[in-house]
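Listing of query03.cif; format and content: mmCIF, C-alpha atoms and all ligand atoms.
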```
data_run
#
loop_
_atom_site.label_atom_id
_atom_site.label_comp_id
_atom_site.auth_asym_id
_atom_site.auth_seq_id
_atom_site.Cartn_x
_atom_site.Cartn_y
_atom_site.Cartn_z
CA MET A 18 -11.01 -38.78 76.39
CA PRO A 19 -11.42 -35.06 75.56
CA ALA A 20 -8.89 -33.67 73.09
CA ARG A 21 -6.01 -31.78 74.65
CA THR A 22 -6.27 -28.04 74.09
CA ASN A 23 -4.27 -26.67 71.20
CA TYR A 24 -2.53 -23.56 72.34
CA GLY A 25 -0.51 -21.34 70.02
CA ILE A 26 -1.45 -20.53 66.47
CA ASP A 27 -4.04 -23.31 66.22
CA PHE A 28 -5.75 -22.15 69.42
CA ASP A 29 -9.02 -24.07 69.25
CA LYS A 30 -11.17 -22.41 71.89
CA GLN A 31 -13.87 -19.83 71.23
CA SER A 32 -13.08 -16.23 71.98
CA ILE A 33 -15.10 -13.05 72.30
CA SER A 34 -14.64 -12.46 68.56
CA ASP A 35 -16.67 -15.65 67.94
CA THR A 36 -19.44 -14.62 70.35
CA ASP A 37 -22.38 -12.25 70.08
CA VAL A 38 -22.06 -10.17 73.22
CA ARG A 39 -24.38 -7.31 72.28
CA GLY A 40 -26.88 -6.57 75.02
CA LYS A 41 -25.49 -9.42 77.16
CA LYS A 42 -24.21 -9.31 80.72
CA ILE A 43 -20.64 -10.54 80.73
CA LEU A 44 -18.86 -11.98 83.76
CA LEU A 45 -15.26 -11.03 82.92
CA ARG A 46 -12.53 -12.73 84.96
CA CYS A 47 -9.48 -10.47 84.99
CA ASP A 48 -6.20 -10.82 86.83
CA PHE A 49 -6.08 -7.64 88.89
CA ASN A 50 -3.77 -9.24 91.42
CA ILE A 51 -1.35 -6.32 91.34
CA PRO A 52 1.24 -4.95 93.76
CA LEU A 53 0.05 -2.31 96.23
CA ASP A 54 2.20 -0.01 98.32
CA ARG A 55 2.56 -1.60 101.75
CA ASP A 56 2.11 1.69 103.62
CA THR A 57 -0.34 3.68 101.52
CA GLY A 58 -2.20 0.83 99.78
CA ALA A 59 -1.81 2.68 96.43
CA VAL A 60 -1.39 0.78 93.16
CA THR A 61 2.35 0.52 92.40
CA ASP A 62 2.19 -1.33 89.07
CA ASP A 63 -0.95 -1.14 86.94
CA GLY A 64 0.46 -3.29 84.10
CA ARG A 65 -2.18 -5.98 84.55
CA ILE A 66 -5.02 -3.43 84.55
CA ILE A 67 -3.68 -1.88 81.34
CA ALA A 68 -3.39 -5.36 79.80
CA ALA A 69 -7.11 -5.96 80.46
CA LEU A 70 -8.26 -2.77 78.71
CA PRO A 71 -8.56 -4.06 75.09
CA THR A 72 -11.06 -6.75 76.12
CA ILE A 73 -13.01 -4.38 78.37
CA ARG A 74 -13.18 -1.65 75.73
CA TYR A 75 -14.22 -4.11 73.04
CA LEU A 76 -17.03 -5.53 75.19
CA LEU A 77 -18.31 -2.08 76.13
CA ASP A 78 -18.13 -0.86 72.53
CA GLN A 79 -20.08 -3.93 71.44
CA GLY A 80 -22.90 -2.96 73.79
CA ALA A 81 -22.25 -5.53 76.51
CA ALA A 82 -22.61 -4.82 80.23
CA VAL A 83 -19.37 -5.89 81.93
CA ILE A 84 -19.20 -7.43 85.41
CA ALA A 85 -15.45 -7.60 86.01
CA CYS A 86 -14.04 -9.75 88.82
CA SER A 87 -10.64 -10.75 90.20
CA HIS A 88 -8.80 -11.86 93.28
CA LEU A 89 -6.20 -9.71 95.04
CA GLY A 90 -3.59 -11.12 97.39
CA ARG A 91 -4.26 -13.94 99.82
CA PRO A 92 -7.03 -12.88 102.20
CA GLY A 93 -7.68 -16.59 102.88
CA GLY A 94 -11.45 -16.65 102.43
CA VAL A 95 -12.27 -13.82 104.82
CA LEU A 96 -13.21 -10.20 104.27
CA SER A 97 -10.01 -8.16 104.76
CA PRO A 98 -10.22 -4.42 103.93
CA GLU A 99 -6.51 -4.23 103.02
CA PHE A 100 -7.21 -6.57 100.09
CA SER A 101 -10.20 -4.62 98.78
CA LEU A 102 -10.39 -4.17 95.01
CA LYS A 103 -11.65 -0.61 95.49
CA VAL A 104 -8.26 0.91 94.55
CA VAL A 105 -8.21 -1.23 91.41
CA GLY A 106 -11.71 -0.02 90.50
CA GLU A 107 -10.60 3.58 90.96
CA ARG A 108 -7.54 3.07 88.74
CA LEU A 109 -9.67 1.31 86.14
CA THR A 110 -12.07 4.26 86.16
CA GLU A 111 -9.16 6.61 85.42
CA LEU A 112 -7.75 4.41 82.66
CA LEU A 113 -11.10 3.78 80.97
CA GLY A 114 -12.28 7.35 81.33
CA LYS A 115 -15.67 6.11 82.44
CA PRO A 116 -17.06 5.22 85.87
CA VAL A 117 -16.60 1.70 87.18
CA LYS A 118 -19.29 0.83 89.73
CA ILE A 119 -17.63 -0.92 92.62
CA SER A 120 -19.70 -3.42 94.52
CA ARG A 121 -19.22 -4.09 98.23
CA ASP A 122 -19.40 -7.86 97.77
CA ALA A 123 -19.03 -10.50 95.05
CA ILE A 124 -22.15 -12.64 95.40
CA GLY A 125 -24.24 -10.68 97.89
CA GLU A 126 -27.10 -8.26 97.72
CA ASP A 127 -24.99 -5.30 96.54
CA SER A 128 -23.48 -7.10 93.55
CA ARG A 129 -26.87 -8.61 92.59
CA ARG A 130 -28.51 -5.19 92.72
CA LEU A 131 -25.74 -3.46 90.74
CA ALA A 132 -25.55 -6.27 88.16
CA ALA A 133 -29.31 -6.29 87.64
CA SER A 134 -29.39 -2.58 86.89
CA LEU A 135 -26.20 -2.51 84.78
CA GLN A 136 -26.89 -1.15 81.29
CA PRO A 137 -25.19 -2.00 77.95
CA GLY A 138 -21.88 -0.11 77.76
CA GLU A 139 -21.55 0.07 81.57
CA ILE A 140 -19.01 -1.69 83.77
CA MET A 141 -18.90 -2.78 87.40
CA LEU A 142 -16.27 -4.55 89.50
CA LEU A 143 -17.04 -7.20 92.08
CA GLU A 144 -15.23 -7.18 95.42
CA ASN A 145 -12.26 -9.56 95.93
CA LEU A 146 -13.32 -13.13 95.07
CA ARG A 147 -10.96 -14.53 97.69
CA PHE A 148 -13.01 -12.98 100.48
CA TYR A 149 -15.06 -16.15 99.98
CA PRO A 150 -13.63 -19.61 100.80
CA GLY A 151 -15.65 -21.05 97.90
CA GLU A 152 -13.41 -19.32 95.35
CA GLU A 153 -10.23 -21.32 95.96
CA LEU A 154 -12.22 -24.48 96.84
CA ASN A 155 -13.96 -24.27 93.45
CA ASP A 156 -17.24 -24.61 95.32
CA PRO A 157 -20.06 -25.19 92.78
CA GLU A 158 -22.49 -23.10 94.83
CA PHE A 159 -20.14 -20.12 94.83
CA ALA A 160 -19.55 -20.58 91.08
CA ARG A 161 -23.32 -20.84 90.50
CA ALA A 162 -23.92 -17.59 92.42
CA LEU A 163 -21.27 -15.76 90.35
CA ALA A 164 -22.66 -17.16 87.12
CA ALA A 165 -26.18 -16.05 88.08
CA LEU A 166 -25.06 -12.42 87.63
CA ALA A 167 -24.37 -12.82 83.89
CA ASP A 168 -25.22 -14.45 80.53
CA VAL A 169 -21.69 -15.21 79.25
CA PHE A 170 -18.34 -15.86 80.97
CA VAL A 171 -15.20 -14.34 79.48
CA GLU A 172 -11.89 -15.69 80.80
CA ASP A 173 -9.12 -13.12 80.46
CA ALA A 174 -7.07 -13.74 83.61
CA PHE A 175 -4.05 -15.39 82.02
CA GLY A 176 -2.11 -15.07 85.27
CA SER A 177 -4.66 -17.31 87.02
CA VAL A 178 -5.65 -19.94 84.43
CA HIS A 179 -3.40 -22.57 86.02
CA ARG A 180 -5.78 -22.64 89.00
CA ALA A 181 -9.05 -24.58 89.02
CA HIS A 182 -10.87 -21.99 91.13
CA ALA A 183 -14.58 -21.15 91.04
CA SER A 184 -14.22 -17.95 88.99
CA ILE A 185 -11.69 -19.59 86.65
CA GLU A 186 -13.09 -23.06 86.01
CA GLY A 187 -16.24 -23.51 88.12
CA VAL A 188 -18.36 -20.87 86.34
CA SER A 189 -17.82 -22.61 82.98
CA HIS A 190 -20.27 -25.31 84.17
CA PHE A 191 -23.04 -22.72 84.37
CA LEU A 192 -22.32 -20.23 81.56
CA PRO A 193 -21.01 -20.34 77.98
CA ALA A 194 -17.28 -19.66 78.52
CA VAL A 195 -14.98 -18.00 75.98
CA ALA A 196 -11.52 -16.41 75.93
CA GLY A 197 -10.81 -12.68 76.07
CA PHE A 198 -8.15 -10.97 73.95
CA LEU A 199 -5.43 -10.97 76.60
CA LEU A 200 -5.74 -14.69 77.25
CA GLU A 201 -5.80 -15.42 73.53
CA GLN A 202 -2.79 -13.22 72.88
CA GLU A 203 -0.75 -14.82 75.70
CA LEU A 204 -1.56 -18.33 74.50
CA ARG A 205 -0.80 -17.52 70.88
CA HIS A 206 2.55 -15.92 71.69
CA ILE A 207 3.85 -18.40 74.24
CA GLY A 208 2.11 -21.42 72.73
CA GLY A 209 3.26 -20.44 69.24
CA ALA A 210 6.86 -20.16 70.41
CA LEU A 211 6.69 -23.57 72.08
CA GLU A 212 4.88 -25.39 69.29
CA ASN A 213 6.32 -23.81 66.20
CA PRO A 214 9.36 -21.66 67.03
CA LYS A 215 11.34 -19.85 64.39
CA PRO A 216 14.71 -21.64 64.81
CA PRO A 217 17.10 -21.63 66.49
CA PHE A 218 14.97 -21.72 69.64
CA ILE A 219 16.76 -20.49 72.76
CA ALA A 220 15.34 -20.75 76.28
CA ILE A 221 16.88 -18.70 79.07
CA LEU A 222 16.04 -19.52 82.67
CA GLY A 223 17.17 -17.69 85.77
CA GLY A 224 15.95 -16.63 89.18
CA SER A 225 16.67 -18.14 92.52
CA LYS A 226 15.10 -21.58 92.63
CA VAL A 227 15.73 -24.74 90.64
CA SER A 228 12.80 -26.46 92.35
CA ASP A 229 10.29 -23.95 90.89
CA LYS A 230 11.50 -24.59 87.36
CA ILE A 231 12.10 -28.34 87.31
CA GLY A 232 9.15 -29.07 85.01
CA VAL A 233 10.09 -26.15 82.78
CA ILE A 234 13.69 -27.30 82.32
CA ASP A 235 12.54 -30.82 81.56
CA ASN A 236 9.97 -29.71 78.97
CA LEU A 237 12.17 -27.08 77.31
CA LEU A 238 15.03 -29.54 76.86
CA ASP A 239 12.75 -31.46 74.49
CA LYS A 240 12.11 -28.33 72.41
CA ALA A 241 15.01 -25.86 72.60
CA ASP A 242 18.25 -25.85 70.59
CA THR A 243 20.07 -24.10 73.43
CA LEU A 244 19.12 -23.80 77.10
CA ILE A 245 20.84 -21.04 79.03
CA ILE A 246 20.71 -21.24 82.82
CA GLY A 247 21.75 -18.17 84.80
CA GLY A 248 20.81 -16.50 88.07
CA GLY A 249 20.96 -18.20 91.45
CA MET A 250 19.69 -21.50 90.07
CA ALA A 251 22.80 -21.93 87.89
CA TYR A 252 24.98 -22.69 90.93
CA THR A 253 23.18 -25.95 91.71
CA PHE A 254 24.07 -27.01 88.15
CA LEU A 255 27.67 -25.76 88.52
CA LYS A 256 28.03 -27.77 91.73
CA ALA A 257 26.54 -30.79 89.96
CA ARG A 258 29.44 -30.39 87.52
CA ASP A 259 31.83 -30.49 90.50
CA GLY A 260 32.37 -26.74 90.61
CA SER A 261 33.31 -24.97 93.86
CA ILE A 262 30.52 -22.44 94.30
CA GLY A 263 31.45 -20.87 97.66
CA SER A 264 28.37 -19.69 99.56
CA SER A 265 26.26 -19.18 96.41
CA LEU A 266 22.65 -20.34 96.36
CA CYS A 267 22.46 -24.11 96.07
CA GLU A 268 19.64 -26.61 96.41
CA ASN A 269 21.55 -29.68 97.55
CA ASP A 270 18.45 -31.85 97.29
CA ARG A 271 18.28 -30.99 93.57
CA LEU A 272 21.85 -31.93 92.67
CA GLN A 273 20.86 -35.31 91.28
CA TYR A 274 18.09 -33.70 89.25
CA ALA A 275 20.63 -31.20 87.88
CA ARG A 276 22.96 -34.08 86.91
CA ASP A 277 20.05 -35.86 85.19
CA MET A 278 19.25 -32.73 83.19
CA LEU A 279 22.88 -32.28 82.16
CA VAL A 280 22.83 -35.89 80.89
CA LYS A 281 19.47 -35.38 79.17
CA ALA A 282 20.78 -32.28 77.38
CA GLN A 283 23.79 -34.22 76.14
CA ARG A 284 21.65 -37.14 74.98
CA LEU A 285 19.31 -34.84 73.05
CA GLY A 286 22.13 -32.73 71.60
CA VAL A 287 20.82 -29.58 73.31
CA ARG A 288 23.51 -27.06 74.17
CA LEU A 289 23.17 -26.23 77.89
CA LEU A 290 25.08 -23.10 78.86
CA LEU A 291 25.96 -22.08 82.41
CA PRO A 292 27.72 -18.79 83.27
CA VAL A 293 31.48 -19.26 82.78
CA ASP A 294 32.20 -16.40 85.17
CA SER A 295 30.35 -14.71 88.01
CA LEU A 296 30.23 -11.48 89.96
CA VAL A 297 30.83 -12.39 93.60
CA ALA A 298 30.79 -10.65 96.96
CA GLN A 299 30.48 -11.70 100.59
CA ARG A 300 26.81 -10.82 100.68
CA PRO A 301 24.17 -9.17 98.52
CA ASP A 302 25.14 -5.63 99.42
CA ASN A 303 25.22 -2.81 96.89
CA SER A 304 27.95 -0.97 98.84
CA LEU A 305 30.52 -3.78 98.40
CA ASN A 306 32.85 -3.95 95.41
CA PRO A 307 32.27 -7.31 93.73
CA ASP A 308 34.97 -9.44 92.08
CA VAL A 309 34.77 -11.36 88.83
CA VAL A 310 35.77 -15.02 89.20
CA ASN A 311 35.52 -18.29 87.28
CA SER A 312 32.13 -19.79 88.19
CA TYR A 313 33.73 -23.18 88.94
CA ASN A 314 36.17 -21.62 91.40
CA ILE A 315 34.27 -19.32 93.72
CA PRO A 316 36.11 -18.66 97.03
CA ASP A 317 34.45 -20.26 100.09
CA ASP A 318 33.35 -16.98 101.68
CA MET A 319 31.96 -15.49 98.47
CA MET A 320 28.57 -15.83 96.80
CA ALA A 321 27.64 -15.32 93.17
CA LEU A 322 25.24 -12.40 92.78
CA ASP A 323 25.28 -11.92 89.00
CA ILE A 324 26.70 -13.59 85.92
CA GLY A 325 30.13 -12.23 84.95
CA PRO A 326 31.04 -10.20 81.83
CA LYS A 327 32.27 -13.20 79.79
CA ALA A 328 29.08 -15.12 80.52
CA ALA A 329 26.97 -12.08 79.67
CA ASN A 330 28.77 -11.63 76.33
CA GLU A 331 28.40 -15.32 75.52
CA PHE A 332 24.66 -15.30 76.32
CA VAL A 333 24.18 -12.11 74.28
CA SER A 334 25.86 -13.61 71.22
CA VAL A 335 23.68 -16.74 71.43
CA ILE A 336 20.56 -14.55 71.70
CA LYS A 337 21.63 -12.44 68.68
CA ASP A 338 21.75 -15.58 66.50
CA ALA A 339 18.39 -16.88 67.73
CA GLY A 340 15.11 -17.07 65.85
CA THR A 341 12.98 -17.36 68.99
CA VAL A 342 13.91 -16.66 72.61
CA ILE A 343 11.84 -17.36 75.70
CA TRP A 344 13.26 -15.82 78.87
CA ASN A 345 12.09 -16.43 82.42
CA GLY A 346 14.04 -15.35 85.50
CA PRO A 347 16.77 -12.77 86.15
CA MET A 348 20.49 -13.49 85.74
CA GLY A 349 21.37 -12.01 89.13
CA ILE A 350 20.03 -9.86 91.93
CA PHE A 351 18.94 -7.24 89.40
CA GLU A 352 17.10 -5.26 92.10
CA LEU A 353 20.55 -4.06 93.28
CA PRO A 354 22.25 -1.90 90.61
CA LYS A 355 25.70 -3.51 91.09
CA TYR A 356 24.30 -6.95 90.25
CA SER A 357 21.93 -5.96 87.44
CA ASN A 358 24.36 -5.97 84.51
CA GLY A 359 23.82 -9.59 83.39
CA THR A 360 20.03 -9.21 83.45
CA ARG A 361 20.26 -5.86 81.65
CA MET A 362 22.50 -7.27 78.89
CA VAL A 363 20.15 -10.20 78.31
CA ALA A 364 17.15 -7.84 78.29
CA ILE A 365 18.79 -5.53 75.75
CA ALA A 366 19.80 -8.46 73.52
CA MET A 367 16.15 -9.60 73.54
CA THR A 368 15.13 -6.35 71.81
CA ASP A 369 16.84 -7.31 68.53
CA PRO A 370 13.99 -6.88 66.01
CA HIS A 371 14.91 -10.07 64.13
CA ILE A 372 14.08 -12.24 67.13
CA VAL A 373 10.70 -13.45 68.31
CA SER A 374 11.29 -12.51 71.94
CA ILE A 375 9.00 -13.66 74.71
CA VAL A 376 9.52 -12.51 78.28
CA GLY A 377 7.91 -14.78 80.89
CA GLY A 378 6.15 -13.03 83.72
CA GLY A 379 7.20 -12.24 87.25
CA ASP A 380 10.70 -10.92 87.78
CA SER A 381 11.86 -10.96 84.15
CA ALA A 382 8.84 -8.82 83.22
CA ALA A 383 9.69 -6.51 86.14
CA ALA A 384 13.29 -6.33 84.88
CA ILE A 385 12.24 -5.47 81.32
CA ARG A 386 10.06 -2.68 82.72
CA GLN A 387 12.85 -1.50 85.07
CA PHE A 388 15.14 -1.11 82.04
CA GLY A 389 12.43 0.67 80.01
CA LEU A 390 12.45 -1.99 77.28
CA GLU A 391 8.88 -3.24 77.51
CA GLY A 392 7.73 -1.99 74.11
CA ARG A 393 10.77 -3.43 72.34
CA VAL A 394 10.22 -7.17 72.75
CA THR A 395 7.60 -9.29 70.99
CA HIS A 396 5.64 -10.16 74.12
CA VAL A 397 5.83 -9.61 77.86
CA SER A 398 3.62 -12.08 79.69
CA THR A 399 1.31 -10.96 82.51
CA GLY A 400 1.54 -14.42 84.08
CA GLY A 401 3.95 -15.69 86.71
CA GLY A 402 2.99 -19.18 87.89
CA ALA A 403 0.68 -19.58 84.87
CA THR A 404 3.53 -18.89 82.45
CA LEU A 405 5.72 -21.44 84.22
CA GLU A 406 2.99 -24.10 84.12
CA PHE A 407 2.41 -23.33 80.46
CA LEU A 408 6.13 -23.69 79.77
CA GLU A 409 6.01 -27.03 81.61
CA GLY A 410 3.53 -28.19 78.98
CA ARG A 411 0.71 -28.67 81.49
CA GLU A 412 -2.98 -28.41 80.67
CA LEU A 413 -4.38 -25.14 82.08
CA PRO A 414 -7.78 -25.67 83.76
CA GLY A 415 -8.97 -22.13 82.98
CA VAL A 416 -8.36 -22.72 79.27
CA ALA A 417 -9.38 -26.37 78.97
CA CYS A 418 -12.88 -25.49 80.28
CA LEU A 419 -13.64 -22.94 77.54
CA LEU A 420 -15.98 -23.74 74.63
CA ASP A 421 -14.29 -25.46 71.70
CA LYS A 422 -14.30 -23.85 68.29
CA PRO A 423 -16.89 -25.58 66.08
CA GLY A 424 -15.54 -28.59 64.19
CA ARG A 425 -12.81 -29.45 66.70
CA ALA A 426 -11.96 -33.15 66.49
CA GLU A 427 -12.35 -35.42 69.54
CA VAL A 428 -9.63 -38.04 69.99
P1 LIG B 1 12.51 -16.58 91.16
O1 LIG B 1 11.40 -16.14 92.06
O2 LIG B 1 12.97 -17.99 91.42
O3 LIG B 1 12.23 -16.31 89.70
O4 LIG B 1 13.75 -15.68 91.55
C1 LIG B 1 13.79 -14.29 91.37
C2 LIG B 1 14.79 -13.72 92.32
O5 LIG B 1 16.03 -14.38 92.12
C3 LIG B 1 15.07 -12.25 92.14
O6 LIG B 1 14.52 -11.54 93.22
C4 LIG B 1 16.60 -12.17 92.15
O7 LIG B 1 17.10 -11.16 93.01
C5 LIG B 1 17.03 -13.53 92.64
N1 LIG B 1 18.36 -13.94 92.17
C6 LIG B 1 18.80 -13.97 90.91
N2 LIG B 1 20.08 -14.37 90.88
C7 LIG B 1 20.46 -14.61 92.15
C8 LIG B 1 21.66 -15.04 92.77
N3 LIG B 1 22.76 -15.31 92.05
N4 LIG B 1 21.67 -15.19 94.10
C9 LIG B 1 20.57 -14.92 94.84
N5 LIG B 1 19.40 -14.51 94.31
C10 LIG B 1 19.35 -14.36 92.98
#
```

Can the structure from this file be put into structure tokens for me?
Ligand code: AMP
Amino acid sequence: MPARTNYGIDFDKQSISDTDVRGKKILLRCDFNIPLDRDTGAVTDDGRIIAALPTIRYLLDQGAAVIACSHLGRPGGVLSPEFSLKVVGERLTELLGKPVKISRDAIGEDSRRLAASLQPGEIMLLENLRFYPGEELNDPEFARALAALADVFVEDAFGSVHRAHASIEGVSHFLPAVAGFLLEQELRHIGGALENPKPPFIAILGGSKVSDKIGVIDNLLDKADTLIIGGGMAYTFLKARDGSIGSSLCENDRLQYARDMLVKAQRLGVRLLLPVDSLVAQRPDNSLNPDVVNSYNIPDDMMALDIGPKAANEFVSVIKDAGTVIWNGPMGIFELPKYSNGTRMVAIAMTDPHIVSIVGGGDSAAAIRQFGLEGRVTHVSTGGGATLEFLEGRELPGVACLLDKPGRAEV
């Protein structure tokens, strides 16, 4: 059986620093799946493009020719102009300060022609990989056609490595495959925190759905000293503890799971904190004046929209005493200013310089950016689903397929 990948500080896969890329054509898988303005189609958040720049610049400086590729949105295997990567290519051109040649296809005549004439130090971008059904089906022929454009495959799309798609896993059967700097950095930060955290290790989970984070809760209970659960998902746990939660979010089919996790926490001696109080209103409306109530006693016609001030203070004091904190999911409907306080207080507490602070992707990363705190935590992940699957302790197909470092033991 192949050895399981070591993530974290003992990351045992080859990276671009181990590879001679000079004069080579590099197929570089990025995650340029970024939000676009619904009306104008303009890029609204270029965080993932910026995160890809160190690898791109390094490869170009080393004299490689870079063939970047990505998916964008869910075009479902058909050519859909609204999901074109052209806007991404234009933004990348601005950020790099050098032209990015944009091909009209990913495996057709245009990309073959552009790739063949690409010179060392030049970069091109393939059109959206998901315009082809073979991408998500991990079709070997599609992967072979992509691989035929290049000499080496560099995997840098951390946000996509949980998917065994053709440009993520399939191409590794046809080209030497190594990690880029972003992927390596994500794995070292998140993997390092999971495998060897500076204690005490605190995990904070929030957001709306328990069902999305079942595997994460289960895995983190085996590792964390304290697990804090806030946001909409906390109310399933509060109901499992016989609380009256009014019309707050609740996944009734997950109540037994929540009870099992409460028992597991007790058995393992892990402190599991739920919000003692909540900010409630009749509906998620920024014009209403919310009340603060005990989370176990929410009136029938009220729903919890944020953690309350006592809960926020308690969570903050736990974070302040932490060695390592991993946070994934907002504490309330932070998009509405009246219900953003709990998320803001947690975000600010994460910036304590004594803490190794890791912000999981998706909404918690958006929150950190919204509060202008991005540069003040140890690491903000570019992954959403990938971060969650990593936190679940699952093998990531886009990492497992990379070349091992020499001397890695088989078990
Ligand atoms: P998720 O996708 O599961 O990480 O959930 C993120 C979403 O959860 C955000 O858009 C928040 O607005 C929402 N959210 C957080 N707390 C609550 C709550 N108490 N009630 C309803 N939605 C919430």

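The residues sitting within 7 Å of ligand LIG 1 (chain B), with all atoms listed in the file considered, come out as A:Gly223, A:Gly224, A:Ser225, A:Lys226, A:Asp229, A:Gly248, A:Gly249, A:Ser265, A:Leu266, A:Ala321, A:Leu322, A:Asp323, A:Gly346, A:Pro347, A:Met348, A:Gly349, A:Ile350, A:Phe351, A:Glu352, A:Gly379, A:Asp380.
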
Residues from last step as file, C-alpha atoms, as a short mmCIF file (atom, residue, chain, number, x, y, z; two decimals), in the frame of the given file:
```cif
data_model
loop_
_atom_site.label_atom_id
_atom_site.label_comp_id
_atom_site.auth_asym_id
_atom_site.auth_seq_id
_atom_site.Cartn_x
_atom_site.Cartn_y
_atom_site.Cartn_z
CA GLY A 223 17.17 -17.69 85.77
CA GLY A 224 15.95 -16.63 89.18
CA SER A 225 16.67 -18.14 92.52
CA LYS A 226 15.10 -21.58 92.63
CA ASP A 229 10.29 -23.95 90.89
CA GLY A 248 20.81 -16.50 88.07
CA GLY A 249 20.96 -18.20 91.45
CA SER A 265 26.26 -19.18 96.41
CA LEU A 266 22.65 -20.34 96.36
CA ALA A 321 27.64 -15.32 93.17
CA LEU A 322 25.24 -12.40 92.78
CA ASP A 323 25.28 -11.92 89.00
CA GLY A 346 14.04 -15.35 85.50
CA PRO A 347 16.77 -12.77 86.15
CA MET A 348 20.49 -13.49 85.74
CA GLY A 349 21.37 -12.01 89.13
CA ILE A 350 20.03 -9.86 91.93
CA PHE A 351 18.94 -7.24 89.40
CA GLU A 352 17.10 -5.26 92.10
CA GLY A 379 7.20 -12.24 87.25
CA ASP A 380 10.70 -10.92 87.78
#
```

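Relative to atom CA of Asp173 of chain A, atom CA of Glu153 of chain A is found at 17.6 Å.
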
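Among the candidate residues A:Ala298, A:Leu419, A:Val38, A:Ile315, the one lying nearest to Pro193 of chain A is A:Leu419, with distances computed using only C-alpha atoms.
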
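Distance-wise, atom CA of Glu172 of chain A and atom CA of Val376 of chain A end up 21.8 Å apart.
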
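Put simply, atom CA of Cys267 of chain A is 22.7 Å away from atom CA of Val363 of chain A.
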
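Ranking A:Arg39, A:Arg46, A:Arg129, A:Arg108 by their shortest atom-to-atom distance to Leu77 of chain A, with all atoms listed in the file included, puts A:Arg39 first.
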
Incomplete segment 104-108 of chain A brought to all heavy atoms, written out as a PDB file, in the coordinates of the input:
```pdb
ATOM      1  N   VAL A 104      -9.313   0.111  95.204  1.00  0.00           N
ATOM      2  CA  VAL A 104      -8.260   0.910  94.550  1.00  0.00           C
ATOM      3  C   VAL A 104      -8.097   0.524  93.086  1.00  0.00           C
ATOM      4  O   VAL A 104      -7.791   1.361  92.235  1.00  0.00           O
ATOM      5  CB  VAL A 104      -6.858   0.771  95.238  1.00  0.00           C
ATOM      6  CG1 VAL A 104      -6.765   1.648  96.450  1.00  0.00           C
ATOM      7  CG2 VAL A 104      -6.484  -0.652  95.520  1.00  0.00           C
ATOM      8  N   VAL A 105      -8.314  -0.771  92.802  1.00  0.00           N
ATOM      9  CA  VAL A 105      -8.210  -1.230  91.410  1.00  0.00           C
ATOM     10  C   VAL A 105      -9.353  -0.608  90.600  1.00  0.00           C
ATOM     11  O   VAL A 105      -9.147  -0.125  89.479  1.00  0.00           O
ATOM     12  CB  VAL A 105      -8.263  -2.771  91.342  1.00  0.00           C
ATOM     13  CG1 VAL A 105      -8.375  -3.252  89.906  1.00  0.00           C
ATOM     14  CG2 VAL A 105      -7.030  -3.368  92.007  1.00  0.00           C
ATOM     15  N   GLY A 106     -10.557  -0.608  91.184  1.00  0.00           N
ATOM     16  CA  GLY A 106     -11.710  -0.020  90.500  1.00  0.00           C
ATOM     17  C   GLY A 106     -11.479   1.460  90.204  1.00  0.00           C
ATOM     18  O   GLY A 106     -11.832   1.957  89.128  1.00  0.00           O
ATOM     19  N   GLU A 107     -10.853   2.147  91.160  1.00  0.00           N
ATOM     20  CA  GLU A 107     -10.600   3.580  90.960  1.00  0.00           C
ATOM     21  C   GLU A 107      -9.587   3.804  89.820  1.00  0.00           C
ATOM     22  O   GLU A 107      -9.751   4.678  88.982  1.00  0.00           O
ATOM     23  CB  GLU A 107     -10.106   4.205  92.264  1.00  0.00           C
ATOM     24  CG  GLU A 107     -11.237   4.316  93.286  1.00  0.00           C
ATOM     25  CD  GLU A 107     -10.767   4.551  94.720  1.00  0.00           C
ATOM     26  OE1 GLU A 107      -9.539   4.619  94.970  1.00  0.00           O
ATOM     27  OE2 GLU A 107     -11.638   4.642  95.590  1.00  0.00           O
ATOM     28  N   ARG A 108      -8.550   2.949  89.812  1.00  0.00           N
ATOM     29  CA  ARG A 108      -7.540   3.070  88.740  1.00  0.00           C
ATOM     30  C   ARG A 108      -8.165   2.734  87.388  1.00  0.00           C
ATOM     31  O   ARG A 108      -7.884   3.377  86.378  1.00  0.00           O
ATOM     32  CB  ARG A 108      -6.365   2.134  89.048  1.00  0.00           C
ATOM     33  CG  ARG A 108      -5.206   2.255  88.115  1.00  0.00           C
ATOM     34  CD  ARG A 108      -4.341   3.474  88.428  1.00  0.00           C
ATOM     35  NE  ARG A 108      -3.363   3.712  87.380  1.00  0.00           N
ATOM     36  CZ  ARG A 108      -3.471   4.691  86.475  1.00  0.00           C
ATOM     37  NH1 ARG A 108      -4.468   5.538  86.492  1.00  0.00           N
ATOM     38  NH2 ARG A 108      -2.548   4.841  85.550  1.00  0.00           N
TER      39      ARG A 108
END
```
